[in-house]
Amino acid sequence: MKKIYLIMCILGIALPYYHLILFLSSNDWSMSGFWTEMFSSHPNSMISMDLIVSATAFLIFLLHQSKTKKINPAKYLFCLCVVGFSLALPLYLYDNHE
């Protein structure tokens, strides 16, 4: 199971950044228009809101775990902020798989 989590970590980095690079290359390496395109249609908004709520719930979970289990959430918070939920959750599952 840990191998699957590790593969998901790799995909969690590669797939979002692949699309980010495509977006940036088609916009003269500028982030302008990113947020408007993110919410440009109802399907895009639905997926964006789903990820925002999921990432927020994971953030709350991490903060709770750091108080009760005394884990250090810094690595997962860094991944959540720099890459996204697609890396932070699989990495947490990888690290905490029994």
# chains A, B, ... in the order shown; residues from 1 in each chain; ligands from 1
call {"tool": "residues_around", "arguments": {"residues": "Tyr94 in chain A", "least_positions_apart": "6", "cutoff": "10 Å", "atoms": "only C-alpha atoms", "output": "list in words"}}
result
Met1, Lys2, Lys3, Ile4, Tyr5, Leu6, Ile7, Met8, Cys9 and Ala88 of chain A
call {"tool": "atom_distance", "arguments": {"atom1": "CA of Met49 in chain A", "atom2": "CA of Leu87 in chain A"}}
result
17.6 Å
call {"tool": "select_by_dssp", "arguments": {"residues": "chain A", "states": "helix (DSSP H, G or I)", "output": "NGL selection string"}}
result
:A and (2-26 or 34-38 or 42-68 or 74-82 or 85-96)
call {"tool": "write_last_selection", "arguments": {"atoms": "C-alpha atoms", "output": "short mmCIF file (atom, residue, chain, number, x, y, z; two decimals), in the first residue's frame"}}
result
data_model
loop_
_atom_site.label_atom_id
_atom_site.label_comp_id
_atom_site.auth_asym_id
_atom_site.auth_seq_id
_atom_site.Cartn_x
_atom_site.Cartn_y
_atom_site.Cartn_z
CA LYS A 2 2.89 2.37 0.73
CA LYS A 3 4.05 2.02 -2.89
CA ILE A 4 0.64 3.18 -4.07
CA TYR A 5 0.83 6.23 -1.77
CA LEU A 6 4.29 7.01 -3.11
CA ILE A 7 3.05 6.76 -6.71
CA MET A 8 0.16 9.08 -5.78
CA CYS A 9 2.68 11.57 -4.34
CA ILE A 10 4.59 11.58 -7.61
CA LEU A 11 1.40 11.98 -9.64
CA GLY A 12 0.25 14.66 -7.18
CA ILE A 13 3.26 16.73 -8.16
CA ALA A 14 3.56 15.88 -11.86
CA LEU A 15 -0.04 16.23 -13.03
CA PRO A 16 -0.93 19.61 -11.48
CA TYR A 17 2.40 21.16 -12.42
CA TYR A 18 2.13 19.83 -15.97
CA HIS A 19 -1.10 21.79 -16.39
CA LEU A 20 0.32 24.82 -14.61
CA ILE A 21 3.26 24.87 -17.03
CA LEU A 22 0.86 24.56 -19.99
CA PHE A 23 -1.19 27.47 -18.62
CA LEU A 24 1.88 29.64 -18.01
CA SER A 25 3.41 28.89 -21.40
CA SER A 26 0.20 29.89 -23.16
CA PHE A 34 -5.52 32.20 -13.51
CA TRP A 35 -8.23 32.91 -10.91
CA THR A 36 -10.81 34.04 -13.46
CA GLU A 37 -10.27 30.88 -15.51
CA MET A 38 -10.41 28.75 -12.36
CA HIS A 42 -19.84 25.89 -13.17
CA PRO A 43 -17.88 22.63 -13.65
CA ASN A 44 -14.59 24.45 -12.99
CA SER A 45 -16.09 26.14 -9.93
CA MET A 46 -17.46 22.82 -8.67
CA ILE A 47 -14.05 21.13 -8.86
CA SER A 48 -12.31 24.16 -7.36
CA MET A 49 -14.73 24.35 -4.44
CA ASP A 50 -14.43 20.61 -3.87
CA LEU A 51 -10.66 20.91 -3.59
CA ILE A 52 -10.82 24.01 -1.41
CA VAL A 53 -13.17 22.34 1.08
CA SER A 54 -11.16 19.09 1.05
CA ALA A 55 -7.86 20.88 1.57
CA THR A 56 -9.35 22.98 4.37
CA ALA A 57 -10.70 19.87 6.09
CA PHE A 58 -7.26 18.26 5.78
CA LEU A 59 -5.67 21.39 7.23
CA ILE A 60 -8.01 21.28 10.23
CA PHE A 61 -7.30 17.56 10.61
CA LEU A 62 -3.54 18.21 10.57
CA LEU A 63 -3.81 20.89 13.22
CA HIS A 64 -5.90 18.57 15.38
CA GLN A 65 -3.44 15.71 14.89
CA SER A 66 -0.54 17.97 15.84
CA LYS A 67 -2.20 18.63 19.20
CA THR A 68 -3.41 15.11 19.99
CA ALA A 74 5.13 21.43 8.90
CA LYS A 75 6.01 19.07 6.04
CA TYR A 76 2.36 18.53 5.11
CA LEU A 77 1.50 22.23 5.42
CA PHE A 78 4.43 23.07 3.15
CA CYS A 79 3.26 20.52 0.57
CA LEU A 80 -0.32 21.78 0.84
CA CYS A 81 0.74 25.38 0.21
CA VAL A 82 3.44 24.84 -2.41
CA PHE A 85 -3.78 18.72 -1.66
CA SER A 86 -2.78 16.22 -4.36
CA LEU A 87 0.61 15.83 -2.67
CA ALA A 88 -0.15 16.64 0.97
CA LEU A 89 -2.73 13.91 1.54
CA PRO A 90 -0.87 11.04 -0.17
CA LEU A 91 2.31 12.05 1.68
CA TYR A 92 0.50 12.05 5.01
CA LEU A 93 -0.98 8.62 4.23
CA TYR A 94 2.44 7.35 3.15
CA ASP A 95 4.09 8.55 6.35
CA ASN A 96 1.36 7.23 8.64
#
